[in-house]
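Quick look at data-v1.tsv (TSV, C-alpha atoms and all ligand atoms):
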chain	number	residue	atom	x	y	z
X	1	MET	CA	7.33	28.72	5.18
X	2	ASP	CA	4.70	26.60	6.96
X	3	LYS	CA	5.59	23.02	7.87
X	4	ILE	CA	5.91	20.75	4.82
X	5	SER	CA	5.66	17.00	5.42
X	6	TYR	CA	6.29	14.04	3.11
X	7	GLY	CA	2.57	13.34	2.73
X	8	ARG	CA	-0.81	14.51	3.96
X	9	GLN	CA	-4.53	14.20	3.28
X	10	TYR	CA	-6.67	16.66	1.35
X	11	ILE	CA	-10.19	17.14	2.72
X	12	ASP	CA	-12.61	19.64	1.15
X	13	ASP	CA	-16.07	20.95	2.05
X	14	GLU	CA	-17.77	18.28	-0.07
X	15	ASP	CA	-16.00	15.54	1.95
X	16	ILE	CA	-17.15	17.16	5.19
X	17	GLU	CA	-20.72	17.52	3.92
X	18	GLN	CA	-20.84	13.87	2.89
X	19	VAL	CA	-19.60	12.67	6.30
X	20	VAL	CA	-22.15	14.90	8.09
X	21	LYS	CA	-24.88	13.47	5.84
X	22	ALA	CA	-23.79	9.94	6.76
X	23	LEU	CA	-23.68	10.89	10.43
X	24	LYS	CA	-27.31	12.06	10.21
X	25	SER	CA	-28.45	8.88	8.43
X	26	GLU	CA	-30.21	6.02	10.16
X	27	SER	CA	-27.25	3.61	10.26
X	28	ILE	CA	-23.77	4.93	10.89
X	29	THR	CA	-22.33	1.47	10.52
X	30	GLN	CA	-23.61	-1.47	8.44
X	31	GLY	CA	-25.72	1.04	6.52
X	32	GLU	CA	-25.91	2.08	2.88
X	33	TYR	CA	-22.56	3.85	2.39
X	34	VAL	CA	-20.23	0.85	2.65
X	35	PRO	CA	-21.93	-1.04	-0.23
X	36	LEU	CA	-21.93	2.20	-2.27
X	37	PHE	CA	-18.21	2.71	-1.69
X	38	GLU	CA	-17.57	-0.95	-2.54
X	39	LYS	CA	-19.50	-0.57	-5.81
X	40	ALA	CA	-17.55	2.59	-6.67
X	41	LEU	CA	-14.23	0.87	-5.93
X	42	SER	CA	-15.05	-2.11	-8.12
X	43	GLU	CA	-16.15	0.24	-10.92
X	44	TYR	CA	-12.94	2.28	-10.57
X	45	THR	CA	-10.65	-0.75	-10.66
X	46	GLY	CA	-12.61	-3.14	-12.85
X	47	ALA	CA	-12.67	-5.85	-10.15
X	48	SER	CA	-15.91	-7.82	-9.73
X	49	TYR	CA	-16.03	-7.34	-5.95
X	50	ALA	CA	-14.68	-4.97	-3.30
X	51	VAL	CA	-14.74	-5.64	0.45
X	52	CYS	CA	-14.20	-2.55	2.60
X	53	VAL	CA	-12.49	-3.10	5.94
X	54	SER	CA	-11.10	-1.12	8.86
X	55	SER	CA	-7.49	-0.86	7.56
X	56	GLY	CA	-5.03	-2.11	4.99
X	57	THR	CA	-3.65	-4.39	7.69
X	58	ALA	CA	-7.10	-5.91	8.25
X	59	ALA	CA	-7.38	-6.40	4.47
X	60	LEU	CA	-4.10	-8.36	4.46
X	61	HIS	CA	-5.12	-10.44	7.47
X	62	ILE	CA	-8.49	-11.32	5.95
X	63	ILE	CA	-7.22	-12.19	2.49
X	64	TYR	CA	-4.34	-14.36	3.72
X	65	SER	CA	-6.84	-16.13	5.96
X	66	ALA	CA	-9.45	-16.49	3.20
X	67	LEU	CA	-6.82	-18.03	0.92
X	68	GLY	CA	-6.25	-20.63	3.64
X	69	LEU	CA	-2.82	-19.60	4.92
X	70	GLU	CA	-2.15	-21.85	7.89
X	71	LYS	CA	0.45	-22.36	10.59
X	72	ASN	CA	3.97	-22.85	9.18
X	73	GLN	CA	2.90	-21.99	5.64
X	74	GLU	CA	4.79	-19.21	3.95
X	75	ILE	CA	4.36	-16.02	2.00
X	76	ILE	CA	7.11	-14.37	-0.06
X	77	THR	CA	7.26	-10.60	0.05
X	78	THR	CA	9.67	-7.67	-0.07
X	79	PRO	CA	11.60	-6.40	2.96
X	80	ASN	CA	11.04	-2.87	1.59
X	81	THR	CA	7.51	-2.51	2.93
X	82	PHE	CA	5.51	-1.50	5.95
X	83	ALA	CA	5.63	-4.35	8.47
X	84	ALA	CA	1.90	-5.08	8.05
X	85	THR	CA	2.50	-6.98	4.77
X	86	SER	CA	4.33	-9.72	6.66
X	87	ASN	CA	2.79	-9.20	10.12
X	88	ALA	CA	-0.56	-10.40	8.75
X	89	CYS	CA	1.15	-13.69	7.87
X	90	LEU	CA	2.53	-13.96	11.42
X	91	TYR	CA	-1.00	-13.42	12.83
X	92	LEU	CA	-1.97	-16.73	11.20
X	93	GLY	CA	1.10	-18.61	12.44
X	94	GLY	CA	2.69	-18.44	9.01
X	95	ASN	CA	6.29	-17.63	8.15
X	96	PRO	CA	7.12	-14.71	5.88
X	97	ARG	CA	10.10	-15.01	3.55
X	98	PHE	CA	11.77	-11.96	2.09
X	99	ALA	CA	13.12	-11.65	-1.44
X	100	ASP	CA	15.64	-8.83	-1.93
X	101	ILE	CA	14.89	-5.77	-4.06
X	102	ASN	CA	16.25	-4.16	-7.23
X	103	MET	CA	18.35	-1.04	-6.66
X	104	ASP	CA	16.91	0.66	-9.75
X	105	ASP	CA	13.14	0.30	-9.34
X	106	PHE	CA	13.21	-0.35	-5.55
X	107	LEU	CA	10.74	-3.24	-6.01
X	108	ILE	CA	10.92	-6.93	-5.17
X	109	ASP	CA	13.34	-8.65	-7.60
X	110	GLU	CA	11.28	-11.38	-9.25
X	111	ASN	CA	14.49	-13.39	-9.80
X	112	ASN	CA	14.84	-13.70	-6.03
X	113	ILE	CA	11.25	-14.86	-5.55
X	114	GLU	CA	11.64	-18.27	-7.13
X	115	LYS	CA	14.72	-19.02	-4.98
X	116	GLN	CA	12.52	-18.69	-1.89
X	117	VAL	CA	9.77	-21.06	-3.07
X	118	ASN	CA	9.50	-24.36	-1.18
X	119	GLU	CA	6.78	-26.89	-0.33
X	120	ASN	CA	5.37	-24.55	2.36
X	121	THR	CA	4.96	-21.52	0.11
X	122	LYS	CA	1.35	-20.46	-0.40
X	123	ILE	CA	1.26	-16.79	-1.40
X	124	ILE	CA	3.45	-14.26	-3.19
X	125	ALA	CA	2.70	-10.74	-1.90
X	126	PRO	CA	4.40	-8.12	-4.09
X	127	VAL	CA	4.24	-4.49	-2.92
X	128	HIS	CA	3.95	-1.77	-5.57
X	129	TYR	CA	6.35	0.43	-3.64
X	130	ALA	CA	5.80	4.21	-3.95
X	131	GLY	CA	3.08	3.61	-6.58
X	132	LEU	CA	5.15	1.73	-9.18
X	133	PRO	CA	3.69	-1.69	-10.11
X	134	CYS	CA	5.99	-4.71	-9.73
X	135	SER	CA	6.87	-7.05	-12.63
X	136	MET	CA	3.48	-8.73	-12.41
X	137	GLN	CA	3.75	-10.88	-15.54
X	138	GLU	CA	6.93	-12.54	-14.25
X	139	ILE	CA	5.44	-12.89	-10.75
X	140	LYS	CA	2.30	-14.49	-12.17
X	141	ASN	CA	4.44	-16.92	-14.20
X	142	ILE	CA	6.24	-18.04	-11.02
X	143	ALA	CA	2.93	-18.36	-9.16
X	144	ASP	CA	1.36	-20.42	-11.96
X	145	LYS	CA	4.43	-22.68	-12.19
X	146	HIS	CA	4.36	-23.47	-8.46
X	147	ASN	CA	0.61	-23.27	-7.94
X	148	LEU	CA	0.75	-20.25	-5.62
X	149	TYR	CA	-1.66	-17.39	-4.94
X	150	VAL	CA	-0.72	-13.77	-5.63
X	151	VAL	CA	-1.94	-10.96	-3.34
X	152	GLU	CA	-0.93	-7.50	-4.52
X	153	ASP	CA	-0.24	-5.14	-1.64
X	154	ALA	CA	-1.33	-2.03	-3.52
X	155	CYS	CA	-1.52	0.26	-0.50
X	156	HIS	CA	0.75	2.69	-2.40
X	157	SER	CA	-0.63	2.27	-5.86
X	158	ILE	CA	-4.34	2.85	-6.32
X	159	GLY	CA	-4.73	4.32	-9.83
X	160	SER	CA	-1.45	2.94	-11.22
X	161	PHE	CA	-1.27	0.87	-14.42
X	162	TYR	CA	0.74	-2.15	-15.54
X	163	LYS	CA	0.73	-3.05	-19.25
X	164	GLY	CA	-2.48	-1.05	-19.68
X	165	HIS	CA	-4.24	-2.73	-16.75
X	166	LYS	CA	-5.28	-0.65	-13.76
X	167	THR	CA	-4.11	-1.86	-10.35
X	168	GLY	CA	-7.07	-3.70	-8.89
X	169	SER	CA	-8.17	-5.15	-12.22
X	170	LEU	CA	-6.79	-8.52	-11.04
X	171	LYS	CA	-5.25	-9.47	-14.35
X	172	TYR	CA	-2.16	-10.92	-12.64
X	173	SER	CA	-3.34	-11.83	-9.14
X	174	ASN	CA	-6.02	-13.40	-6.95
X	175	ALA	CA	-6.53	-10.32	-4.79
X	176	VAL	CA	-5.46	-6.71	-4.46
X	177	ILE	CA	-5.50	-4.74	-1.22
X	178	PHE	CA	-5.63	-0.98	-0.61
X	179	SER	CA	-5.14	1.25	2.44
X	180	PHE	CA	-6.98	4.51	3.01
X	181	HIS	CA	-4.70	5.85	5.73
X	182	PRO	CA	-4.44	9.69	5.51
X	183	VAL	CA	-1.04	9.69	3.80
X	184	LYS	CA	-2.36	7.52	0.97
X	185	HIS	CA	-3.93	8.85	-2.27
X	186	ILE	CA	-7.44	8.85	-0.81
X	187	THR	CA	-8.42	8.53	2.82
X	188	THR	CA	-11.18	7.25	5.07
X	189	ALA	CA	-9.09	8.24	8.16
X	190	GLU	CA	-8.37	4.55	8.74
X	191	GLY	CA	-9.59	1.98	6.26
X	192	GLY	CA	-8.76	-0.50	3.57
X	193	ALA	CA	-10.26	-2.70	0.89
X	194	ILE	CA	-9.84	-6.06	-0.80
X	195	LEU	CA	-10.53	-6.32	-4.55
X	196	LEU	CA	-11.55	-9.72	-5.88
X	197	ASN	CA	-12.99	-11.53	-8.88
X	198	ASP	CA	-13.72	-14.89	-7.24
X	199	GLU	CA	-17.22	-15.11	-5.71
X	200	ALA	CA	-16.41	-17.82	-3.16
X	201	LEU	CA	-13.37	-15.89	-1.94
X	202	TYR	CA	-15.49	-12.73	-1.79
X	203	LYS	CA	-18.10	-14.43	0.41
X	204	LYS	CA	-15.36	-15.71	2.71
X	205	CYS	CA	-13.86	-12.23	3.07
X	206	ILE	CA	-17.31	-10.77	3.84
X	207	ALA	CA	-17.77	-13.38	6.59
X	208	LEU	CA	-14.26	-12.95	8.01
X	209	ARG	CA	-14.80	-9.18	8.19
X	210	SER	CA	-17.72	-9.74	10.54
X	211	HIS	CA	-16.83	-12.48	13.06
X	212	GLY	CA	-17.17	-15.34	10.54
X	213	ILE	CA	-20.96	-15.08	10.88
X	214	VAL	CA	-23.11	-15.77	7.80
X	215	ARG	CA	-26.78	-15.15	7.08
X	216	ASP	CA	-27.26	-17.63	4.23
X	217	ASN	CA	-25.80	-20.93	2.97
X	218	PHE	CA	-26.17	-22.42	6.44
X	219	ILE	CA	-24.41	-25.56	7.66
X	220	ASN	CA	-27.12	-26.29	10.24
X	221	THR	CA	-30.89	-26.10	9.71
X	222	PRO	CA	-32.22	-22.63	10.66
X	223	ILE	CA	-34.02	-22.82	13.98
X	224	SER	CA	-35.41	-19.28	14.22
X	225	PRO	CA	-36.55	-16.43	11.92
X	226	THR	CA	-33.38	-14.40	12.63
X	227	TYR	CA	-31.08	-17.39	12.38
X	228	HIS	CA	-27.42	-16.75	11.58
X	229	GLU	CA	-24.43	-18.91	12.30
X	230	MET	CA	-20.69	-18.55	12.82
X	231	GLN	CA	-18.91	-20.81	10.36
X	232	MET	CA	-15.30	-19.68	10.82
X	233	LEU	CA	-13.26	-17.65	13.27
X	234	GLY	CA	-13.59	-14.08	12.01
X	235	TYR	CA	-12.96	-10.59	13.30
X	236	ASN	CA	-14.66	-7.23	13.61
X	237	TYR	CA	-12.85	-5.52	10.76
X	238	ARG	CA	-15.86	-3.59	9.45
X	239	MET	CA	-15.56	-0.09	7.97
X	240	THR	CA	-18.11	2.41	9.33
X	241	ASP	CA	-20.52	4.28	7.07
X	242	LEU	CA	-18.93	7.58	8.08
X	243	GLN	CA	-15.64	6.33	6.68
X	244	ALA	CA	-17.29	4.98	3.54
X	245	ALA	CA	-19.05	8.33	2.93
X	246	LEU	CA	-15.67	10.03	3.11
X	247	GLY	CA	-14.15	7.37	0.84
X	248	LEU	CA	-16.89	7.83	-1.77
X	249	SER	CA	-16.34	11.57	-1.82
X	250	GLN	CA	-12.54	11.19	-1.96
X	251	LEU	CA	-12.71	8.62	-4.77
X	252	LYS	CA	-14.37	11.22	-7.01
X	253	LYS	CA	-11.20	13.32	-6.68
X	254	LEU	CA	-8.70	10.47	-7.05
X	255	ASP	CA	-7.77	11.09	-10.68
X	256	MET	CA	-7.26	14.78	-9.93
X	257	PHE	CA	-5.07	13.84	-6.93
X	258	ILE	CA	-2.97	11.49	-9.07
X	259	LYS	CA	-2.56	14.09	-11.84
X	260	ARG	CA	-1.08	16.60	-9.39
X	261	ARG	CA	1.17	13.95	-7.82
X	262	GLN	CA	2.47	13.08	-11.29
X	263	GLU	CA	3.09	16.77	-12.04
X	264	ILE	CA	5.14	17.04	-8.85
X	265	ALA	CA	7.07	13.89	-9.83
X	266	SER	CA	7.85	15.40	-13.27
X	267	LEU	CA	9.22	18.53	-11.64
X	268	TYR	CA	11.43	16.47	-9.33
X	269	ASN	CA	12.49	14.31	-12.32
X	270	ASP	CA	13.57	17.35	-14.33
X	271	THR	CA	15.48	18.87	-11.44
X	272	PHE	CA	17.32	15.77	-10.30
X	273	LYS	CA	18.47	14.41	-13.63
X	274	ASP	CA	21.44	16.80	-13.54
X	275	ILE	CA	22.21	16.18	-9.86
X	276	ASN	CA	23.69	13.12	-8.19
X	277	ILE	CA	20.35	11.85	-6.88
X	278	ILE	CA	18.99	8.47	-7.99
X	279	GLN	CA	15.29	8.31	-8.79
X	280	GLN	CA	12.99	5.30	-9.05
X	281	LYS	CA	13.21	3.72	-12.52
X	282	ARG	CA	10.46	4.54	-15.01
X	283	TYR	CA	9.02	1.85	-17.28
X	284	ASP	CA	7.28	2.45	-20.59
X	285	ASP	CA	4.63	-0.16	-19.77
X	286	ARG	CA	3.77	1.11	-16.26
X	287	ILE	CA	2.17	4.26	-14.88
X	288	ASN	CA	3.24	5.22	-11.37
X	289	SER	CA	0.44	6.85	-9.35
X	290	GLN	CA	3.10	8.33	-7.01
X	291	HIS	CA	2.17	7.68	-3.43
X	292	LEU	CA	5.76	8.53	-2.52
X	293	PHE	CA	8.70	10.19	-4.21
X	294	PRO	CA	11.67	8.14	-3.00
X	295	VAL	CA	15.23	9.12	-3.96
X	296	LEU	CA	18.64	7.63	-3.18
X	297	PHE	CA	21.66	9.67	-2.21
X	298	GLU	CA	25.25	8.55	-2.73
X	299	ASN	CA	25.61	7.32	0.83
X	300	LYS	CA	24.09	7.43	4.31
X	301	ASP	CA	26.12	10.50	5.41
X	302	ILE	CA	24.84	12.60	2.52
X	303	ARG	CA	21.27	11.33	3.05
X	304	ASP	CA	21.41	12.19	6.74
X	305	LYS	CA	22.89	15.62	6.00
X	306	VAL	CA	20.01	16.38	3.59
X	307	TYR	CA	17.41	15.05	6.05
X	308	TYR	CA	18.63	17.31	8.88
X	309	TYR	CA	19.10	20.34	6.63
X	310	LEU	CA	15.54	20.05	5.36
X	311	LYS	CA	14.22	19.52	8.87
X	312	GLU	CA	15.91	22.73	10.05
X	313	ASN	CA	14.05	24.47	7.24
X	314	ASN	CA	10.66	23.05	8.27
X	315	ILE	CA	10.59	20.29	5.62
X	316	PHE	CA	9.88	16.89	7.17
X	317	THR	CA	10.92	14.01	4.92
X	318	GLN	CA	10.67	10.32	5.81
X	319	ILE	CA	12.58	7.11	5.22
X	320	HIS	CA	10.63	4.26	3.61
X	321	TYR	CA	11.48	1.70	4.74
X	322	MET	CA	13.70	0.20	7.36
X	323	PRO	CA	13.70	-3.40	6.04
X	324	VAL	CA	11.14	-5.47	7.92
X	325	THR	CA	13.92	-7.95	8.77
X	326	ALA	CA	15.78	-5.21	10.72
X	327	HIS	CA	13.02	-4.70	13.30
X	328	PRO	CA	13.91	-6.20	16.71
X	329	TYR	CA	10.75	-8.33	16.69
X	330	TYR	CA	11.78	-9.95	13.43
X	331	GLU	CA	15.40	-10.29	14.60
X	332	LYS	CA	14.10	-12.21	17.63
X	333	LEU	CA	12.33	-14.53	15.21
X	334	GLY	CA	15.69	-15.21	13.54
X	335	TYR	CA	15.52	-12.80	10.60
X	336	SER	CA	18.47	-10.56	9.75
X	337	SER	CA	18.67	-7.46	7.59
X	338	MET	CA	21.79	-9.03	6.08
X	339	ASP	CA	19.53	-11.66	4.45
X	340	THR	CA	18.46	-8.88	2.07
X	341	PRO	CA	21.54	-6.60	1.79
X	342	LYS	CA	20.20	-4.48	-1.06
X	343	ALA	CA	17.11	-3.52	0.96
X	344	TYR	CA	19.44	-2.55	3.81
X	345	GLU	CA	21.65	-0.41	1.56
X	346	PHE	CA	18.49	1.16	0.15
X	347	TYR	CA	17.31	1.97	3.68
X	348	GLU	CA	20.60	3.73	4.43
X	349	ARG	CA	20.46	5.94	1.34
X	350	GLU	CA	16.74	6.62	0.82
X	351	LEU	CA	14.63	9.69	1.53
X	352	SER	CA	10.95	10.20	0.66
X	353	LEU	CA	10.44	13.78	-0.49
X	354	PRO	CA	7.21	15.76	-0.04
X	355	MET	CA	4.52	14.36	-2.33
X	356	TYR	CA	0.87	15.25	-1.87
X	357	TYR	CA	-1.98	16.85	-3.82
X	358	SER	CA	-2.00	20.22	-2.05
X	359	LEU	CA	1.78	20.79	-2.24
X	360	SER	CA	1.94	24.14	-4.05
X	361	ASP	CA	4.44	25.14	-6.75
X	362	ILE	CA	5.98	27.64	-4.33
X	363	GLU	CA	6.40	24.96	-1.66
X	364	LEU	CA	7.83	22.56	-4.21
X	365	GLU	CA	10.35	25.16	-5.37
X	366	TYR	CA	11.28	25.76	-1.73
X	367	VAL	CA	11.86	22.01	-1.20
X	368	ILE	CA	14.00	21.68	-4.36
X	369	ASP	CA	15.98	24.79	-3.49
X	370	ASN	CA	16.71	23.48	-0.01
X	371	ILE	CA	17.80	20.07	-1.31
X	372	LYS	CA	20.29	21.80	-3.61
X	373	LYS	CA	21.54	23.97	-0.74
X	374	ALA	CA	21.82	20.92	1.54
X	375	LEU	CA	23.97	19.11	-1.01
X	376	LYS	CA	26.30	22.11	-1.29
X	377	SER	CA	26.55	22.62	2.50
I	1	LIG	C1	2.73	-1.23	1.82
I	1	LIG	C2	1.75	-1.16	2.95
I	1	LIG	N1	1.11	-2.28	3.32
I	1	LIG	C3	0.21	-2.27	4.31
I	1	LIG	C4	-0.09	-1.11	5.00
I	1	LIG	C5	-1.09	-1.15	6.12
I	1	LIG	O1	-2.16	-0.28	5.89
I	1	LIG	P1	-2.97	0.37	7.12
I	1	LIG	O2	-2.12	1.44	7.73
I	1	LIG	O3	-4.20	0.93	6.47
I	1	LIG	O4	-3.26	-0.73	8.07
I	1	LIG	C6	0.54	0.08	4.64
I	1	LIG	C7	0.23	1.33	5.35
I	1	LIG	O5	1.03	2.15	5.66
I	1	LIG	C8	1.50	0.06	3.60
I	1	LIG	O6	2.15	1.17	3.23
Would you mind writing the file's structure down as structure tokens?
Ligand SMILES: Cc1ncc(COP(=O)(O)O)c(C=O)c1O
Amino acid sequence: MDKISYGRQYIDDEDIEQVVKALKSESITQGEYVPLFEKALSEYTGASYAVCVSSGTAALHIIYSALGLEKNQEIITTPNTFAATSNACLYLGGNPRFADINMDDFLIDENNIEKQVNENTKIIAPVHYAGLPCSMQEIKNIADKHNLYVVEDACHSIGSFYKGHKTGSLKYSNAVIFSFHPVKHITTAEGGAILLNDEALYKKCIALRSHGIVRDNFINTPISPTYHEMQMLGYNYRMTDLQAALGLSQLKKLDMFIKRRQEIASLYNDTFKDINIIQQKRYDDRINSQHLFPVLFENKDIRDKVYYYLKENNIFTQIHYMPVTAHPYYEKLGYSSMDTPKAYEFYERELSLPMYYSLSDIELEYVIDNIKKALKS
């Protein structure tokens, strides 16, 4: 059996053709494809605006900045995420706080969020881990009560639904961010996006993406025909047109990608319900778009045994995530993984099984068969 990994991109001839077309066009950056991809993303999600950027991390950095996160202000997020969710807060001199997770849905426990709120809190940043939306109604209630912003880190969950609302529709938040890294549902190689409904916030994100330079609504009086001015300290976080051309082509296949991912999840569900493997909770009012398929084993020893057994058989699983608080950099800042013990226990027992569009039925059967064998070994 060829190597099977936990996730991978799917690129077809149409994707390649579209990138070549963009490469042959007049502008390979700041051209026509980025606005087209932004329009397609806002149509897909129902958001009024989309801002494409160079990565999901850049999207987080820009939106926290645009919402005015300043030195010593705080965000509240989950420790069960990729470090970028909280790193972007550190970039701005802010302090991330971590609310522990639920052991059944693997998501931030909304009951722990309110305990972390204080006078410095500015943003709640829930992460729809593995593709399952968080309890957004409860999170919005907390945010409204304490006058906080909500930024959904939806890097795992493009195409998911919560109470009938598609992720990105902004029903429960001020902004939603996506990543288009190759392991995600759709890819632009590297890339990300911010979805917004607020026009002023949108304009700020557009400026921050490109050095903080604006070409209208000037502070000073224009002194030349090509006048532009820098109004804030921004970055070069632009997406190229080659990436946007790929994104546009990939977006057309997104629903097909999600359908296959959900089929794979159903097959895992059916197999594991009779085995001692814990799966992520399913909710009647949410649709999981299945970026990952995380499972929990009884303990770390069994998890490790399965990991190594699969690896010997050319199946490369992953662990998502080591809690952010357990990274040495965060420990040096005074964080401890023991602050969020459930996330730590989760980390010790979790394995992300292969989950991607092109995983064939034969490969899936091979994976399931080897998990069963590993457990018996
Ligand atoms: C939950 C989460 N947030 C943020 C990011 C950062 O995205 P990117 O890799 O595009 O910078 C990722 C990517 O792995 C992620 O999984």
Please identify all protein, DNA and RNA residues within 8 Å of ligand LIG 1 (chain I), counting all atoms listed in the file, and report them as a list of chain:residue names.
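Counting only what the definition allows, namely all atoms listed in the file, the set is X:Ser54, X:Ser55, X:Gly56, X:Thr57, X:Ala58, X:Ala59, X:Leu60, X:Thr81, X:Phe82, X:Ala83, X:Ala84, X:Thr85, X:Val127, X:His128, X:Tyr129, X:Asp153, X:Ala154, X:Cys155, X:His156, X:Phe178, X:Ser179, X:Phe180, X:His181, X:Lys184, X:Glu190, X:Gly191, X:Gly192.
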Please report as a Markdown table every residue of stretch 272-341 of chain X lying within 8 Å of stretch 104-118 of chain X, along with the nearest atom pair and their distance in Å (one decimal), using only C-alpha atoms.
| residue | atom | partner | partner_atom | distance |
| --- | --- | --- | --- | --- |
| X:Gln279 | CA | X:Asp104 | CA | 7.9 |
| X:Gln280 | CA | X:Asp105 | CA | 5.0 |
| X:Lys281 | CA | X:Asp105 | CA | 4.7 |
| X:Arg282 | CA | X:Asp105 | CA | 7.6 |
Any idea what the distance is between atom CA of X:Val20 and atom CA of X:Lys252?
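Between these atoms lies a distance of 17.4 Å.
Picture a line from atom CA of X:Tyr162 to atom CA of X:Asp285; it runs 6.1 Å.
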Which one of X:Cys52, X:Ile315, X:Leu351, X:Val324 sits closest to X:Ile277 if you count only C-alpha atoms?
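Under the stated criterion, the closest residue is X:Leu351.
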Residue list as a PDB file with C-alpha atoms, keeping the file's coordinate frame for point (-13.6, 3.4, 10.0), cut-off 8 Å, all atoms listed in the file:
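Ended up saving to point00.pdb:
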ATOM      1  CA  VAL X  53     -12.490  -3.100   5.940  1.00  0.00           C
ATOM      2  CA  SER X  54     -11.100  -1.120   8.860  1.00  0.00           C
ATOM      3  CA  SER X  55      -7.490  -0.860   7.560  1.00  0.00           C
ATOM      4  CA  THR X 188     -11.180   7.250   5.070  1.00  0.00           C
ATOM      5  CA  ALA X 189      -9.090   8.240   8.160  1.00  0.00           C
ATOM      6  CA  GLU X 190      -8.370   4.550   8.740  1.00  0.00           C
ATOM      7  CA  GLY X 191      -9.590   1.980   6.260  1.00  0.00           C
ATOM      8  CA  ARG X 238     -15.860  -3.590   9.450  1.00  0.00           C
ATOM      9  CA  MET X 239     -15.560  -0.090   7.970  1.00  0.00           C
ATOM     10  CA  THR X 240     -18.110   2.410   9.330  1.00  0.00           C
ATOM     11  CA  ASP X 241     -20.520   4.280   7.070  1.00  0.00           C
ATOM     12  CA  LEU X 242     -18.930   7.580   8.080  1.00  0.00           C
ATOM     13  CA  GLN X 243     -15.640   6.330   6.680  1.00  0.00           C
ATOM     14  CA  ALA X 244     -17.290   4.980   3.540  1.00  0.00           C
TER      15      ALA X 244
END
Pick out the residues sitting within 8 Å of X:Tyr347, and hand them over as a list in words; count all atoms listed in the file, and ignore anything fewer than 5 positions along from it in its own chain.
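What passes the distance filter is Ile319, His320, Tyr321, Met322 and Pro323 of chain X.
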Nearest to X:Gly131, restricted to all atoms listed in the file and choosing among X:Lys24, X:His291, X:His165, X:Lys204, comes out as X:His291
Option closest in space to X:Gly46, from X:Gly234, X:Gly168, X:Gly212, X:Gly247 [counting all atoms listed in the file]:
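Between X:Gly234, X:Gly168, X:Gly212, X:Gly247, the residue approaching X:Gly46 most closely is X:Gly168.
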Length of the atom CA of X:Ser336 to atom CA of X:Asp304 vector [Å]
23.1 Å
Counting all atoms listed in the file, the option among X:Arg97, X:Lys21, X:Lys71, X:Lys140 closest to X:Thr340
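Closest to X:Thr340 of all the choices is X:Arg97.
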Counting all atoms listed in the file, the residue of X:Lys300, X:Lys376, X:Lys311, X:Arg261 that sits nearest X:Ala130:
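Answer, going by the shortest atom-to-atom distance: X:Arg261.
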Using all atoms listed in the file, which residue out of X:Ile123, X:Ile11, X:Leu170, X:Leu132 lies closest to X:Gln262?
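Between X:Ile123, X:Ile11, X:Leu170, X:Leu132, the residue approaching X:Gln262 most closely is X:Leu132.
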Within 9 Å of (-15.1, -4.3, -7.2), all atoms listed in the file: residues as number ranges by chain?
X: 38-51, 168-169, 194-197
Give me the box for stretch 43-49 of chain X as JSON, namely the centre and edge lengths in Å to one decimal of a box along x, y and z that holds every listed atom plus 5 Å on each side.
{"center_x": -13.4, "center_y": -2.8, "center_z": -9.4, "size_x": 15.5, "size_y": 20.1, "size_z": 16.9}
